[in-house]
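File shown here: input_37.cif, holding mmCIF, C-alpha atoms.
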```
data_my_file
loop_
_atom_site.label_atom_id
_atom_site.label_comp_id
_atom_site.auth_asym_id
_atom_site.auth_seq_id
_atom_site.Cartn_x
_atom_site.Cartn_y
_atom_site.Cartn_z
CA MET A 1037 150.04 -127.90 8.09
CA SER A 1038 147.71 -130.18 10.02
CA SER A 1039 145.38 -128.70 12.58
CA ARG A 1040 145.24 -129.82 16.18
CA ILE A 1041 143.24 -132.98 16.64
CA PRO A 1042 140.15 -132.59 18.82
CA PRO A 1043 139.78 -133.81 22.41
CA PHE A 1044 138.50 -137.28 23.13
CA SER A 1045 135.33 -138.04 21.24
CA GLY A 1046 134.98 -141.70 22.10
CA ALA A 1047 137.52 -143.29 19.74
CA ASP A 1048 139.83 -145.79 21.42
CA ASP A 1049 142.88 -144.46 19.58
CA SER A 1050 142.25 -140.72 19.98
CA PRO A 1051 144.33 -138.60 22.36
CA PRO A 1052 143.21 -139.10 25.97
CA LEU A 1053 143.89 -135.44 26.85
CA PRO A 1054 143.65 -132.30 24.68
CA GLU A 1055 147.28 -131.46 25.52
CA ILE A 1056 148.56 -134.71 23.97
CA ILE A 1057 149.24 -134.13 20.28
CA GLY A 1058 149.93 -136.73 17.62
CA SER A 1059 148.04 -139.08 15.33
CA SER A 1060 150.88 -141.31 14.12
CA PRO A 1061 150.41 -145.11 14.36
CA ALA A 1062 152.85 -145.27 17.28
CA MET A 1063 150.92 -142.67 19.29
CA ARG A 1064 147.53 -144.19 18.45
CA GLU A 1065 148.78 -147.45 19.94
CA VAL A 1066 149.85 -145.56 23.07
CA TYR A 1067 146.34 -144.05 23.35
CA ARG A 1068 144.72 -147.47 23.03
CA LEU A 1069 146.94 -148.89 25.75
CA VAL A 1070 146.33 -145.91 28.05
CA ARG A 1071 142.55 -146.35 27.76
CA ARG A 1072 142.76 -150.07 28.46
CA VAL A 1073 144.95 -149.74 31.53
CA ALA A 1074 143.21 -146.65 32.96
CA ASN A 1075 140.15 -148.55 34.20
CA SER A 1076 142.27 -150.92 36.28
CA ASP A 1077 144.20 -150.36 39.50
CA ALA A 1078 147.36 -151.90 38.05
CA SER A 1079 150.71 -150.21 38.51
CA VAL A 1080 152.01 -148.65 35.30
CA LEU A 1081 155.58 -148.06 34.19
CA ILE A 1082 156.03 -145.33 31.57
CA LEU A 1083 159.30 -145.49 29.65
CA GLY A 1084 160.61 -142.94 27.21
CA GLU A 1085 163.39 -140.46 26.56
CA THR A 1086 163.43 -137.07 28.23
CA GLY A 1087 160.83 -134.75 26.75
CA THR A 1088 158.51 -137.40 25.26
CA GLY A 1089 155.54 -136.50 27.49
CA LYS A 1090 155.59 -139.13 30.26
CA GLU A 1091 153.88 -136.85 32.78
CA LEU A 1092 151.04 -136.10 30.36
CA ILE A 1093 150.42 -139.82 29.91
CA ALA A 1094 150.45 -140.40 33.67
CA LYS A 1095 147.92 -137.59 34.12
CA ALA A 1096 145.74 -139.05 31.36
CA ILE A 1097 145.70 -142.47 33.04
CA HIS A 1098 144.56 -140.84 36.28
CA GLN A 1099 141.88 -138.70 34.64
CA LEU A 1100 140.44 -141.66 32.72
CA SER A 1101 140.44 -143.92 35.78
CA PRO A 1102 137.79 -144.45 38.49
CA ARG A 1103 140.20 -142.55 40.78
CA ARG A 1104 139.86 -139.30 38.83
CA GLY A 1105 137.83 -137.80 41.70
CA GLY A 1106 140.77 -138.38 44.05
CA PRO A 1107 144.09 -136.54 44.26
CA TYR A 1108 146.82 -136.74 41.63
CA ILE A 1109 150.23 -136.28 43.25
CA ARG A 1110 153.47 -135.92 41.28
CA VAL A 1111 156.91 -136.50 42.78
CA ASN A 1112 160.19 -136.00 40.91
CA CYS A 1113 162.38 -138.59 42.61
CA GLY A 1114 165.52 -137.19 40.98
CA ALA A 1115 165.08 -133.69 42.41
CA LEU A 1116 165.78 -134.48 46.08
CA PRO A 1117 168.51 -136.32 48.02
CA GLU A 1118 167.58 -139.62 49.70
CA GLY A 1119 166.80 -138.24 53.18
CA LEU A 1120 164.55 -135.47 51.94
CA LEU A 1121 162.88 -137.70 49.36
CA GLU A 1122 161.98 -140.28 52.02
CA SER A 1123 160.36 -137.57 54.13
CA GLU A 1124 158.63 -136.14 51.05
CA LEU A 1125 157.13 -139.49 50.14
CA PHE A 1126 156.26 -140.88 53.56
CA GLY A 1127 156.17 -137.85 55.85
CA HIS A 1128 157.85 -137.50 59.24
CA VAL A 1129 157.07 -136.85 62.87
CA ARG A 1130 158.35 -134.04 65.02
CA GLY A 1131 161.94 -134.61 66.11
CA ALA A 1132 162.64 -137.30 63.52
CA PHE A 1133 165.69 -135.34 62.35
CA THR A 1134 167.21 -131.89 62.67
CA GLY A 1135 164.72 -129.37 61.38
CA ALA A 1136 161.66 -131.62 61.86
CA VAL A 1137 159.81 -129.18 64.12
CA GLU A 1138 156.35 -130.58 63.44
CA ASN A 1139 154.60 -133.59 61.99
CA ARG A 1140 154.34 -133.65 58.21
CA THR A 1141 152.08 -135.62 55.89
CA GLY A 1142 153.90 -137.37 53.06
CA ARG A 1143 152.91 -137.58 49.41
CA PHE A 1144 151.66 -141.17 49.64
CA GLU A 1145 149.32 -140.20 52.45
CA ALA A 1146 148.18 -137.15 50.50
CA ALA A 1147 147.44 -139.35 47.47
CA HIS A 1148 145.04 -141.64 49.39
CA THR A 1149 142.18 -142.80 47.09
CA GLY A 1150 143.98 -141.24 44.13
CA THR A 1151 147.17 -141.66 42.09
CA ILE A 1152 150.82 -140.94 42.79
CA PHE A 1153 153.20 -140.40 39.88
CA LEU A 1154 156.84 -141.19 40.66
CA ASP A 1155 158.96 -139.58 37.96
CA GLU A 1156 162.62 -140.59 37.53
CA ILE A 1157 162.03 -143.69 39.67
CA ASP A 1158 165.46 -144.98 38.64
CA SER A 1159 167.14 -142.30 40.79
CA THR A 1160 165.90 -143.79 44.08
CA THR A 1161 168.34 -145.52 46.44
CA ALA A 1162 168.25 -149.18 47.52
CA LYS A 1163 166.93 -148.22 50.97
CA LEU A 1164 164.08 -146.21 49.54
CA GLN A 1165 163.27 -148.92 47.02
CA VAL A 1166 162.59 -151.31 49.92
CA LYS A 1167 159.99 -148.92 51.34
CA LEU A 1168 158.43 -148.40 47.92
CA LEU A 1169 158.17 -152.15 47.43
CA ARG A 1170 156.34 -152.48 50.75
CA VAL A 1171 153.82 -149.79 49.79
CA LEU A 1172 153.16 -151.53 46.49
CA GLN A 1173 152.76 -154.95 48.09
CA GLN A 1174 151.06 -154.18 51.39
CA HIS A 1175 149.72 -150.62 50.94
CA GLU A 1176 151.29 -149.50 54.21
CA PHE A 1177 154.26 -147.54 55.57
CA GLU A 1178 155.50 -145.57 58.56
CA ARG A 1179 156.41 -141.91 58.63
CA VAL A 1180 160.10 -141.19 59.19
CA GLY A 1181 160.77 -141.44 62.93
CA ASP A 1182 157.37 -143.02 63.71
CA THR A 1183 156.28 -146.55 64.66
CA ARG A 1184 152.62 -146.20 63.71
CA THR A 1185 151.70 -147.94 60.48
CA ILE A 1186 149.59 -145.98 58.00
CA GLN A 1187 147.37 -147.75 55.49
CA VAL A 1188 146.86 -146.13 52.08
CA ASP A 1189 144.84 -146.85 48.96
CA VAL A 1190 146.99 -145.42 46.18
CA ARG A 1191 147.62 -146.28 42.56
CA VAL A 1192 151.28 -145.98 41.58
CA ILE A 1193 152.46 -144.80 38.17
CA ALA A 1194 156.23 -144.63 37.72
CA ALA A 1195 158.36 -143.28 34.89
CA SER A 1196 161.96 -143.47 33.76
CA ASN A 1197 164.05 -142.30 30.83
CA ARG A 1198 166.41 -145.22 31.37
CA ASP A 1199 166.14 -148.91 30.56
CA LEU A 1200 165.21 -150.26 34.01
CA LEU A 1201 166.19 -153.81 33.07
CA GLU A 1202 169.71 -152.51 32.45
CA GLU A 1203 169.56 -150.82 35.86
CA VAL A 1204 168.48 -154.13 37.43
CA GLU A 1205 171.30 -156.01 35.71
CA ALA A 1206 173.78 -153.38 36.91
CA GLY A 1207 172.54 -153.78 40.51
CA ARG A 1208 171.21 -150.23 40.74
CA PHE A 1209 167.52 -151.13 40.85
CA ARG A 1210 165.74 -153.88 42.76
CA GLU A 1211 164.43 -156.64 40.53
CA ASP A 1212 161.38 -157.29 42.74
CA LEU A 1213 160.42 -153.60 42.68
CA TYR A 1214 160.84 -153.53 38.90
CA TYR A 1215 158.35 -156.35 38.45
CA ARG A 1216 155.88 -154.80 40.91
CA LEU A 1217 155.98 -151.54 38.97
CA ASN A 1218 156.02 -153.17 35.56
CA VAL A 1219 152.53 -154.68 35.56
CA VAL A 1220 151.82 -152.68 32.39
CA THR A 1221 154.49 -150.80 30.44
CA VAL A 1222 153.69 -147.81 28.25
CA TYR A 1223 156.54 -146.96 25.88
CA LEU A 1224 156.56 -143.43 24.48
CA PRO A 1225 158.37 -143.23 21.14
CA PRO A 1226 160.90 -140.42 20.63
CA LEU A 1227 159.92 -137.67 18.23
CA ARG A 1228 162.38 -138.86 15.57
CA GLU A 1229 160.32 -142.07 15.35
CA ARG A 1230 157.05 -140.22 14.70
CA ARG A 1231 158.09 -137.36 12.43
CA GLU A 1232 154.65 -137.30 10.82
CA ASP A 1233 153.37 -135.72 14.07
CA ILE A 1234 155.72 -132.73 13.82
CA PRO A 1235 153.44 -130.46 11.70
CA GLU A 1236 150.60 -131.11 14.12
CA LEU A 1237 152.79 -130.31 17.11
CA VAL A 1238 154.14 -127.19 15.45
CA GLY A 1239 150.60 -125.96 14.82
CA HIS A 1240 149.65 -126.56 18.43
CA PHE A 1241 152.68 -124.70 19.79
CA LEU A 1242 152.18 -121.84 17.34
CA ARG A 1243 148.67 -121.27 18.64
CA LEU A 1244 149.81 -121.61 22.24
CA TYR A 1245 152.70 -119.15 22.06
CA ASN A 1246 151.01 -116.68 19.73
CA GLU A 1247 148.28 -116.33 22.34
CA LYS A 1248 150.67 -116.28 25.27
CA ASN A 1249 152.95 -113.64 23.75
CA ARG A 1250 150.26 -111.64 21.93
CA ARG A 1251 151.90 -112.35 18.56
CA HIS A 1252 150.54 -113.21 15.12
CA VAL A 1253 152.87 -115.77 13.54
CA PRO A 1254 150.50 -118.38 12.06
CA PHE A 1255 152.66 -119.60 9.16
CA VAL A 1256 155.74 -121.80 8.71
CA HIS A 1257 157.83 -121.57 5.55
CA PRO A 1258 158.02 -124.94 3.73
CA ASP A 1259 161.84 -124.99 4.03
CA ALA A 1260 161.57 -124.46 7.78
CA MET A 1261 159.02 -127.25 8.12
CA ARG A 1262 161.25 -129.59 6.12
CA ALA A 1263 164.14 -128.75 8.46
CA LEU A 1264 161.97 -129.39 11.52
CA GLN A 1265 160.91 -132.78 10.18
CA ALA A 1266 164.46 -133.76 9.20
CA TYR A 1267 166.02 -132.92 12.58
CA ASP A 1268 166.48 -135.81 15.03
CA TRP A 1269 165.20 -134.03 18.20
CA PRO A 1270 167.37 -135.41 21.03
CA GLY A 1271 165.23 -133.34 23.43
CA ASN A 1272 162.01 -134.61 21.81
CA VAL A 1273 158.72 -132.69 22.08
CA ARG A 1274 160.03 -130.42 24.84
CA GLU A 1275 162.89 -129.28 22.59
CA LEU A 1276 160.48 -128.63 19.69
CA GLN A 1277 158.21 -126.66 22.03
CA ASN A 1278 161.09 -124.44 23.16
CA TYR A 1279 162.26 -123.75 19.60
CA ILE A 1280 158.77 -122.81 18.41
CA GLU A 1281 158.29 -120.44 21.35
CA ARG A 1282 161.64 -118.82 20.56
CA ALA A 1283 160.76 -118.47 16.86
CA VAL A 1284 157.37 -116.92 17.65
CA ILE A 1285 158.98 -114.34 19.91
CA LEU A 1286 161.74 -113.43 17.43
CA ALA A 1287 159.75 -113.52 14.16
CA PRO A 1288 159.70 -110.08 12.48
CA GLY A 1289 156.66 -111.01 10.40
CA ASP A 1290 153.89 -113.59 10.33
CA GLU A 1291 156.00 -116.57 9.24
CA ILE A 1292 158.64 -118.83 10.81
CA THR A 1293 161.62 -119.11 8.48
CA CYS A 1294 164.86 -121.10 8.66
CA ASP A 1295 166.84 -118.15 10.02
CA LEU A 1296 164.65 -118.23 13.15
CA LEU A 1297 165.56 -121.84 13.90
CA PRO A 1298 168.68 -122.96 15.82
CA ASP A 1299 171.78 -123.80 13.80
CA ALA A 1300 171.57 -127.51 14.66
CA VAL A 1301 168.04 -127.79 13.27
CA VAL A 1302 168.87 -126.31 9.87
CA GLY A 1303 172.27 -128.00 9.58
CA ARG A 1304 174.49 -125.00 10.19
CA GLN A 1305 176.34 -127.00 12.85
CA SER A 1306 176.46 -130.58 13.97
CA PRO A 1307 173.85 -131.28 16.66
CA ARG A 1308 175.02 -132.75 19.94
CA LEU A 1309 172.90 -135.86 19.93
CA GLY A 1310 173.18 -137.69 23.20
CA TYR A 1311 171.07 -140.58 21.98
CA ARG A 1312 173.67 -141.47 19.33
CA ARG A 1313 176.04 -142.44 22.14
CA ARG A 1314 173.66 -145.09 23.43
CA ASN A 1315 174.99 -148.61 23.12
CA LEU A 1316 173.91 -150.72 20.17
CA ASP A 1317 171.93 -153.19 22.28
CA ARG A 1318 169.69 -150.44 23.62
CA MET A 1319 169.16 -148.96 20.17
CA ILE A 1320 168.12 -152.39 18.87
CA ARG A 1321 165.70 -152.82 21.78
CA ASP A 1322 164.17 -149.41 21.01
CA LEU A 1323 163.85 -150.32 17.33
CA VAL A 1324 162.07 -153.61 18.05
CA SER A 1325 159.81 -152.01 20.68
CA THR A 1326 158.76 -149.30 18.23
CA ALA A 1327 158.14 -151.82 15.45
CA LEU A 1328 155.97 -154.00 17.69
CA ILE A 1329 153.86 -150.96 18.56
CA GLN A 1330 153.41 -149.91 14.94
CA PHE A 1331 152.52 -153.29 13.45
CA ALA A 1332 148.99 -154.57 13.98
CA PRO A 1333 148.50 -157.25 16.67
CA GLY A 1334 148.33 -160.74 15.19
CA LYS A 1335 150.26 -159.84 12.07
CA GLY A 1336 152.05 -162.99 11.04
CA ASN A 1337 155.13 -161.66 9.25
CA LEU A 1338 156.85 -159.65 11.98
CA TYR A 1339 160.21 -161.31 11.31
CA GLU A 1340 160.26 -160.18 7.69
CA GLU A 1341 158.86 -156.74 8.53
CA ILE A 1342 161.53 -156.01 11.14
CA VAL A 1343 164.58 -158.17 10.42
CA GLY A 1344 164.12 -157.96 6.65
CA ARG A 1345 164.05 -154.16 6.72
CA VAL A 1346 167.13 -153.96 8.95
CA GLU A 1347 169.00 -156.43 6.72
CA ARG A 1348 168.11 -154.47 3.58
CA GLU A 1349 169.20 -151.15 5.10
CA LEU A 1350 172.48 -152.65 6.36
CA ILE A 1351 173.33 -154.11 2.96
CA LEU A 1352 172.45 -150.92 1.09
CA GLN A 1353 174.60 -148.75 3.35
CA VAL A 1354 177.56 -151.12 3.13
CA MET A 1355 177.18 -151.23 -0.66
CA ASP A 1356 177.31 -147.43 -0.73
CA ARG A 1357 180.45 -147.38 1.42
CA CYS A 1358 182.08 -149.92 -0.90
CA HIS A 1359 181.10 -147.92 -4.01
CA HIS A 1360 178.85 -150.80 -5.13
CA VAL A 1361 181.74 -153.26 -5.49
CA GLN A 1362 179.95 -156.40 -4.42
CA ILE A 1363 183.01 -158.44 -3.44
CA LYS A 1364 184.13 -155.71 -1.02
CA ALA A 1365 180.64 -155.34 0.41
CA ALA A 1366 180.32 -159.11 0.81
CA ALA A 1367 183.63 -159.23 2.69
CA GLN A 1368 182.55 -156.49 5.09
CA LEU A 1369 179.17 -158.13 5.64
CA GLY A 1370 180.66 -161.60 6.08
CA LEU A 1371 178.50 -162.93 3.27
CA ASN A 1372 179.29 -165.04 0.24
CA ARG A 1373 179.05 -162.87 -2.87
CA ASN A 1374 176.43 -165.20 -4.38
CA THR A 1375 174.27 -164.66 -1.30
CA LEU A 1376 174.68 -160.90 -1.55
CA ARG A 1377 173.88 -160.93 -5.26
CA LYS A 1378 170.79 -163.06 -4.62
CA LYS A 1379 169.51 -160.60 -2.00
CA LEU A 1380 170.11 -157.59 -4.25
CA LYS A 1381 168.31 -159.37 -7.08
CA GLU A 1382 165.32 -160.13 -4.81
CA TRP A 1383 165.05 -156.42 -4.01
CA GLY A 1384 165.51 -155.42 -7.66
CA LEU A 1385 168.72 -153.59 -6.77
CA GLU A 1386 171.38 -155.61 -8.61
CA PRO A 1387 173.21 -153.35 -11.11
CA ASP A 1388 173.69 -154.32 -14.73
CA SER A 1389 176.45 -156.88 -15.18
CA GLY A 1390 179.87 -155.30 -15.53
CA ASN A 1391 178.84 -151.79 -14.48
CA HIS A 1392 180.19 -151.84 -10.93
CA GLU A 1393 182.50 -154.87 -10.65
CA SER A 1394 186.14 -154.91 -11.65
CA ILE A 1395 187.33 -158.10 -9.92
CA PRO A 1396 187.08 -161.35 -11.92
CA ASP A 1397 185.21 -164.36 -10.55
CA ASP A 1398 188.34 -166.53 -10.18
CA GLN A 1399 189.87 -163.91 -7.86
CA GLU A 1400 186.61 -163.73 -5.95
CA LYS A 1401 186.69 -167.48 -5.33
CA SER A 1402 190.04 -167.18 -3.59
CA SER A 1403 189.18 -164.16 -1.48
CA ALA A 1404 185.45 -164.33 -0.62
CA PRO A 1405 184.53 -165.42 2.91
CA VAL A 1406 183.47 -169.03 3.40
CA GLY A 1407 180.56 -170.37 5.39
CA ASP A 1408 177.56 -168.41 4.23
CA GLY A 1409 175.72 -169.15 1.09
#
```
Starting from the coordinates I provided, produce the structure as structure tokens.
Amino acid sequence: MSSRIPPFSGADDSPPLPEIIGSSPAMREVYRLVRRVANSDASVLILGETGTGKELIAKAIHQLSPRRGGPYIRVNCGALPEGLLESELFGHVRGAFTGAVENRTGRFEAAHTGTIFLDEIDSTTAKLQVKLLRVLQQHEFERVGDTRTIQVDVRVIAASNRDLLEEVEAGRFREDLYYRLNVVTVYLPPLRERREDIPELVGHFLRLYNEKNRRHVPFVHPDAMRALQAYDWPGNVRELQNYIERAVILAPGDEITCDLLPDAVVGRQSPRLGYRRRNLDRMIRDLVSTALIQFAPGKGNLYEEIVGRVERELILQVMDRCHHVQIKAAAQLGLNRNTLRKKLKEWGLEPDSGNHESIPDDQEKSSAPVGDG
């Protein structure tokens, strides 16, 4: 099992904070982007599924920036209703509403000369989005119930676990605010797309929870590690963290075994994977985004690397479903059989003649789809 990688030692693609674990190509690209954007004052939009570590990345951007000596203020926009969130962000004056018995400083004012992190930005209402847009554009606002304008010097980092372009298209998020926030986008890949980081993460959480709970469980059985790396992690790193803490607490000896892992992880029951219910368009966008992060900038064969791999996987899975009968697979794919055979031959996957086909060529000519070949 890999050991925890060390804190920043000067490398552009090393973790920007000791708490951020992972050395996969996707995460190294995230680290490079974080270091580049940190020195600017640009707004940053962090996108990623729940549990991928968006707050850690926001904190890293602040700590690597010239504003690191100023305050770092975090606001969970999804935790409060509109009225309370407006007061939380911008403050209020005495008598502004029932219960406002004294003046209160808002989070933007408290973040002056520093950074404010707006988590779950997609949960804000249209009214609040107008005020946020004004702060981003003009660096000013009024407290709730006040007429005095307050000037602030604040860097804004926002995060969402939703596709904000979809929210814009659905009319739930202002397009102008989206583009003001989206000066630089940092996409955090889900754990299932960086499985090579799992042993490193497991080692980190073992050390953390052994120390916290005064336990000595330093080992992971190979079968348990294989199960951890095979699981799809709908809750991402946060879910892995919780399961390792649970296993450390319950372990009777010094090793984590499969019986200490939840049923879903070791295949004893079907996991409830929310991400599988995402629409196909979003899954394709995630796939392309991940591929663009992993492939080196300037690489000239992106089309083949991405589209070619998807095409190959699609054809192989359809062939399996059709029990390797090429005419049936071609019909499902909407391809001419000659085209399918040519592709299989290019990949070295065409079976020996006669082994898997039972339909003669003259029948194929009358039944194969037309138009591709």
Discussion item. Take the PyMOL selection byres ((chain A and resi 1131-1138) around 9), run it mentally on this structure, and tell me the resulting residues as a ChimeraX atom specification.
Written reply: /A:1128-1130,1139-1140,1180-1182
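Among the candidate residues A:Gly1370, A:Gly1239, A:Gly1344, A:Pro1225, the one lying nearest to A:Glu1382 is A:Gly1344, with distances computed using all atoms listed in the file.
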Q.
When you count only C-alpha atoms, which of these residues is closest to A:Arg1304: A:Ala1263, A:Asn1112, A:Ile1320, A:Arg1250?
A.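 Ranking A:Ala1263, A:Asn1112, A:Ile1320, A:Arg1250 by distance to A:Arg1304, first place goes to A:Ala1263.
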Distance atom CA of A:Val1302-atom CA of A:Asp1268, one decimal place?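 Between these atoms lies a distance of 11.1 Å.
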I'd like the residues picked by the PyMOL selection byres ((chain A and resi 1106) around 8) written out as a PyMOL selection string, using the chain letters and numbers from the file. chain A and resi 1103-1105+1107-1108+1147-1151
Exercise for the section: Starting from the point (176.2, -149.8, 1.2), work out which residues of protein, DNA or RNA have an atom no more than 12 Å away when counting all atoms listed in the file; state them as a PyMOL selection string. Expected result: chain A and resi 1347-1366+1368-1369+1376+1380+1385
